[in-house]
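**Student:** Sharing a structure with you now.
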Amino acid sequence: MEHFFKPRNVGEIPDADGVGTVGNPICGDTMFIYIKVKDGKIADIKFKTFGCGAAIATSSMVTELAKGKTLEEAMKITRDAVAGELGGLPPIKMHCSNLAADALHKAIEDYRRRSEEKA
Amino acid sequence: MKVYLDYGAASPADTKVLAVMMPYFTEHFGNPSSVHSYSHKAEEALTKARESVASLINANSPEEIVFTSGSTESNNLALKGVAYRNRDKGNRIVTTAIEHISILNICQYLAREGFEVVELPVDSYGLVDVEKLAEAVDEKTILISVMYANGEIGTVEPVKEIGEIARERSVPLHVDATAAAGKIPVDVVKDKVDLLTLSSNDLYGPKGVGALYIRKGVKIVPITHGGGQERGLRSGSENIPGIVGMGMAAELAKEAMETEAERLTGLRDRLISGLLEAVPEAYLNGHPTRRLPNNANMRFSYIEGEALLLGLDSLGIQASSGSACTSKTLEPSHVLLAIGLKHEEAHGSVLFALGKGNTEGEIDYVVKVLPGVVKRLRTLSPLTPKELLR
């Protein structure tokens, strides 16, 4: 609930190195995660979410868990890790933690794809 | 401050109702079917409750009231009772897309049983097109089911006109009056209604009790078989305390209806106009005037309903929402989709169902704090346009 009422890392990064988008308004949740990468680590990370309490809380939590980590470590952050750090989620809300972890991974994949294109 | 605005989901029982029920748990606990004298008080109470409920809806005779465990059961009895009774005459059931989920799921079940279900669409206000209904009613139609008013968006349906058509074509008309009874006048004789569903809790009576009005002459088959209570239509020893409570609730509701409707309408409109003014991109769902006195269903762009409810709850305000996240099936409200809202719009909807306990002060409090909750969620949302964030 803490992460719902006082979410961390809210916002956008206009010149982000990677952006991950998951969900769609039809199922009720949409998450955008923005990352800035320096020396293989996530130097900055921000999120925006259209969704329920659990969606907002899991987005906030995943950005907390990922900040400062290497890309490899961040890719290993799972849905269960996010839910666990929040103290558990009711089963019907677990899909929200899925979206959060997926959005992070997609942001990293986006960064990697852009790096390849540059190279 | 604590502001309860979810009367549609659950209402407290009136203290007078509770008082009249109590003796039937301990002193007058007899079974009306017994031969000995303990049955007499229970029997009298049952009769009196029947009269009170009949009076609320202007039924010709108390005998036309059958007590059940609530609206869902009444809906089951009405639809299955009529459908199975008239199988040999036809198989079409005409209903609407905004009925309560119990009606729609019962119809789905009946469709699997071989009945043909026609679900009429509604307009953007939630109103049924009476002409389209008349077209859909053919020689094979054995039942029409249309709600008196929709408890989610508040729209009041043209039951009188539908009653004319049904009576003319000799097709039984069932009306789910759960949301409407006690709030607006419901007259089964004037509106030519054949079966009508009522809920006790919606009248500030106890939960777990309801009724089905069945006009004399309309034949149905029971769905609950047993000892033959309620003229064989709904077996099972009667829930006397509950029924007594419902009877009292019906009496009180009838007495208070006119003044309470006026009071609630004032509060409702104060809330709606207050929010429309204070929050940009806020909209009303449902008809602006053909509307239940206690219903304010609003939608707020770019944010999601459950998050809004959590924010409101932390400020002492209880309401409900048609968003997917608040439903067990993770689907947005079928009613909101039926009136043409896009998924995101349905997700951003909140239902404020007013009731007895609400005051002007409470409404003003909601209007004061809700904009802040919306604003905060809009800063978190990727859908919010930049202009709104300033």
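A note on labels: chains of the structure tokens are A, B, ... as shown, every chain counts residues from 1, and ligands are counted from 1 in their shown order.
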Give me, as a PyMOL selection string, all polymer residues having an atom no more than 6 Å from Ser74 in chain B, counting only C-alpha atoms and skipping those fewer than 3 positions away in the same chain.

**Tutor:** chain B and resi 71+77+197+212

**Student:** Could you take the residues named above and write them with C-alpha atoms, as a compact mmCIF listing (two decimals), in the first residue's frame?

**Tutor:**
```
# COMPACT_ATOMS: atom_id res chain seq x y z
CA SER B 71 -33.22 -10.92 -5.96
CA LEU B 77 -37.56 -18.41 -10.27
CA THR B 197 -38.22 -9.04 -8.46
CA LEU B 212 -41.13 -12.31 -6.46
```

**Student:** Using only C-alpha atoms, which protein or nucleic acid residues come within 9 Å of range 72-82 of chain A? Drop anything in the same chain fewer than 2 positions from it, and give the result as a CSV table (one decimal) with C-alpha atoms, in the first residue's frame.

**Tutor:**
```csv
chain,number,residue,atom,x,y,z
A,40,GLY,CA,26.1,-1.5,-18.1
A,41,LYS,CA,24.0,-0.4,-15.1
A,42,ILE,CA,20.6,1.1,-14.8
A,58,THR,CA,4.3,-3.2,-8.6
A,59,SER,CA,5.6,-0.6,-11.1
A,61,MET,CA,8.6,-1.7,-6.7
A,62,VAL,CA,10.2,-3.0,-9.8
A,65,LEU,CA,14.5,-3.2,-7.3
A,66,ALA,CA,16.1,-2.3,-10.7
A,67,LYS,CA,17.8,1.0,-10.0
A,69,LYS,CA,21.6,-2.9,-10.9
A,70,THR,CA,23.5,-4.2,-13.9
A,84,GLY,CA,7.5,-10.9,-2.7
A,85,GLU,CA,9.1,-7.5,-1.9
A,86,LEU,CA,5.6,-6.0,-1.6
A,87,GLY,CA,4.8,-8.7,1.0
A,88,GLY,CA,2.7,-10.8,-1.4
A,94,MET,CA,-0.5,-11.5,-9.7
A,95,HIS,CA,-0.8,-10.6,-13.3
A,96,CYS,CA,0.0,-7.0,-12.3
A,97,SER,CA,3.4,-8.1,-11.0
A,98,ASN,CA,3.9,-9.9,-14.3
A,99,LEU,CA,3.3,-6.7,-16.2
A,100,ALA,CA,5.8,-4.8,-14.0
A,101,ALA,CA,8.6,-7.3,-14.5
A,102,ASP,CA,7.9,-7.7,-18.2
A,104,LEU,CA,11.4,-3.7,-17.1
A,105,HIS,CA,12.7,-6.6,-19.3
A,108,ILE,CA,16.3,-3.5,-21.3
```

**Student:** Dump as a PyMOL selection string the residues of chain B that approach chain A to within 8 Å, counting only C-alpha atoms.

**Tutor:** chain B and resi 302-307+310-311+323-325+330-331+343-344+347+379-383

**Student:** Can you spit out the residues from that selection as a PDB file, in the first residue's frame, using N, CA and C atoms?

**Tutor:**
```
ATOM      1  N   TYR B 302      -8.298   8.876 -18.125  1.00  0.00           N
ATOM      2  CA  TYR B 302      -6.866   8.591 -17.943  1.00  0.00           C
ATOM      3  C   TYR B 302      -6.498   7.872 -16.657  1.00  0.00           C
ATOM      4  N   ILE B 303      -7.471   7.563 -15.828  1.00  0.00           N
ATOM      5  CA  ILE B 303      -7.121   6.832 -14.602  1.00  0.00           C
ATOM      6  C   ILE B 303      -8.019   5.614 -14.440  1.00  0.00           C
ATOM      7  N   GLU B 304      -7.663   4.749 -13.510  1.00  0.00           N
ATOM      8  CA  GLU B 304      -8.380   3.490 -13.349  1.00  0.00           C
ATOM      9  C   GLU B 304      -9.180   3.477 -12.046  1.00  0.00           C
ATOM     10  N   GLY B 305     -10.355   2.846 -12.127  1.00  0.00           N
ATOM     11  CA  GLY B 305     -11.327   2.885 -11.025  1.00  0.00           C
ATOM     12  C   GLY B 305     -10.872   2.335  -9.690  1.00  0.00           C
ATOM     13  N   GLU B 306     -10.214   1.172  -9.695  1.00  0.00           N
ATOM     14  CA  GLU B 306      -9.829   0.577  -8.417  1.00  0.00           C
ATOM     15  C   GLU B 306      -8.835   1.460  -7.691  1.00  0.00           C
ATOM     16  N   ALA B 307      -7.889   2.006  -8.433  1.00  0.00           N
ATOM     17  CA  ALA B 307      -6.902   2.898  -7.822  1.00  0.00           C
ATOM     18  C   ALA B 307      -7.623   4.097  -7.200  1.00  0.00           C
ATOM     19  N   LEU B 310      -9.308   3.040  -3.968  1.00  0.00           N
ATOM     20  CA  LEU B 310      -8.338   2.895  -2.864  1.00  0.00           C
ATOM     21  C   LEU B 310      -7.984   4.262  -2.305  1.00  0.00           C
ATOM     22  N   GLY B 311      -7.778   5.208  -3.219  1.00  0.00           N
ATOM     23  CA  GLY B 311      -7.463   6.566  -2.788  1.00  0.00           C
ATOM     24  C   GLY B 311      -8.600   7.154  -1.972  1.00  0.00           C
ATOM     25  N   SER B 323     -14.758  -1.003 -13.130  1.00  0.00           N
ATOM     26  CA  SER B 323     -13.508  -1.323 -13.819  1.00  0.00           C
ATOM     27  C   SER B 323     -13.225  -2.816 -13.740  1.00  0.00           C
ATOM     28  N   ALA B 324     -12.409  -3.290 -14.643  1.00  0.00           N
ATOM     29  CA  ALA B 324     -12.084  -4.711 -14.697  1.00  0.00           C
ATOM     30  C   ALA B 324     -11.391  -5.153 -13.414  1.00  0.00           C
ATOM     31  N   CYS B 325     -10.502  -4.304 -12.900  1.00  0.00           N
ATOM     32  CA  CYS B 325      -9.725  -4.693 -11.737  1.00  0.00           C
ATOM     33  C   CYS B 325     -10.587  -4.922 -10.508  1.00  0.00           C
ATOM     34  N   LEU B 330     -12.219  -9.951 -13.976  1.00  0.00           N
ATOM     35  CA  LEU B 330     -11.270  -9.049 -14.623  1.00  0.00           C
ATOM     36  C   LEU B 330     -11.824  -8.499 -15.940  1.00  0.00           C
ATOM     37  N   GLU B 331     -13.150  -8.454 -16.061  1.00  0.00           N
ATOM     38  CA  GLU B 331     -13.765  -7.827 -17.229  1.00  0.00           C
ATOM     39  C   GLU B 331     -14.457  -6.555 -16.755  1.00  0.00           C
ATOM     40  N   HIS B 343     -13.162   0.565 -23.475  1.00  0.00           N
ATOM     41  CA  HIS B 343     -12.649  -0.112 -22.289  1.00  0.00           C
ATOM     42  C   HIS B 343     -12.002   0.849 -21.294  1.00  0.00           C
ATOM     43  N   GLU B 344     -11.152   1.749 -21.814  1.00  0.00           N
ATOM     44  CA  GLU B 344     -10.457   2.664 -20.882  1.00  0.00           C
ATOM     45  C   GLU B 344     -11.454   3.526 -20.130  1.00  0.00           C
ATOM     46  N   HIS B 347     -13.099   1.556 -17.466  1.00  0.00           N
ATOM     47  CA  HIS B 347     -12.161   1.349 -16.354  1.00  0.00           C
ATOM     48  C   HIS B 347     -12.091   2.557 -15.442  1.00  0.00           C
ATOM     49  N   THR B 379      -1.028  12.050 -12.599  1.00  0.00           N
ATOM     50  CA  THR B 379       0.416  12.271 -12.772  1.00  0.00           C
ATOM     51  C   THR B 379       1.138  10.938 -12.950  1.00  0.00           C
ATOM     52  N   LEU B 380       0.531   9.851 -12.479  1.00  0.00           N
ATOM     53  CA  LEU B 380       1.161   8.540 -12.626  1.00  0.00           C
ATOM     54  C   LEU B 380       0.844   7.899 -13.972  1.00  0.00           C
ATOM     55  N   SER B 381      -0.192   8.393 -14.648  1.00  0.00           N
ATOM     56  CA  SER B 381      -0.693   7.684 -15.819  1.00  0.00           C
ATOM     57  C   SER B 381      -0.039   8.128 -17.117  1.00  0.00           C
ATOM     58  N   PRO B 382       0.358   7.161 -17.955  1.00  0.00           N
ATOM     59  CA  PRO B 382       0.961   7.506 -19.246  1.00  0.00           C
ATOM     60  C   PRO B 382      -0.053   8.060 -20.231  1.00  0.00           C
ATOM     61  N   LEU B 383      -1.347   7.941 -19.922  1.00  0.00           N
ATOM     62  CA  LEU B 383      -2.359   8.369 -20.867  1.00  0.00           C
ATOM     63  C   LEU B 383      -2.706   9.852 -20.747  1.00  0.00           C
TER      64      LEU B 383
END
```

**Student:** Looking at only C-alpha atoms, which of A:Glu116, A:Asp110, A:Asp44, A:Glu64 is the one that sits closest to Val19 in chain A?

**Tutor:**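 Nearest candidate to Val19 in chain A out of A:Glu116, A:Asp110, A:Asp44, A:Glu64: A:Asp110.
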
**Student:** Hey, what does DSSP flag as helix (DSSP H, G or I) within range 40-167 of chain B? Can you give it to me as a ChimeraX atom specification?

**Tutor:** /B:40-56,62-64,71-85,101-112,130-136,159-167

**Student:** Using only C-alpha atoms, which residues sit within 12 Å of Ala211 in chain B once same-chain residues fewer than 5 positions away are excluded, as a count of residues only?

**Tutor:** 46

**Student:** Can you check which residues of range 9-244 of chain B DSSP gives as strand (DSSP E) on the backbone and send them as JSON, numbers by chain?

**Tutor:** {"B": [65, 66, 67, 68, 92, 93, 94, 95, 96, 116, 117, 118, 119, 120, 141, 142, 143, 144, 145, 173, 174, 175, 176, 195, 196, 197, 198, 199, 210, 211, 212, 213, 214]}

**Student:** For CA of Phe300 in chain B and CA of Leu104 in chain B, quote the distance in Å rounded to one decimal.

**Tutor:**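 Interatomic distance here is 27.5 Å.
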
**Student:** Pick from B:Ala97, B:Ala180, B:Val189, B:Val3: nearest to Ser145 in chain B, with only C-alpha atoms counted?

**Tutor:**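 Answer, going by the shortest atom-to-atom distance: B:Ala97.
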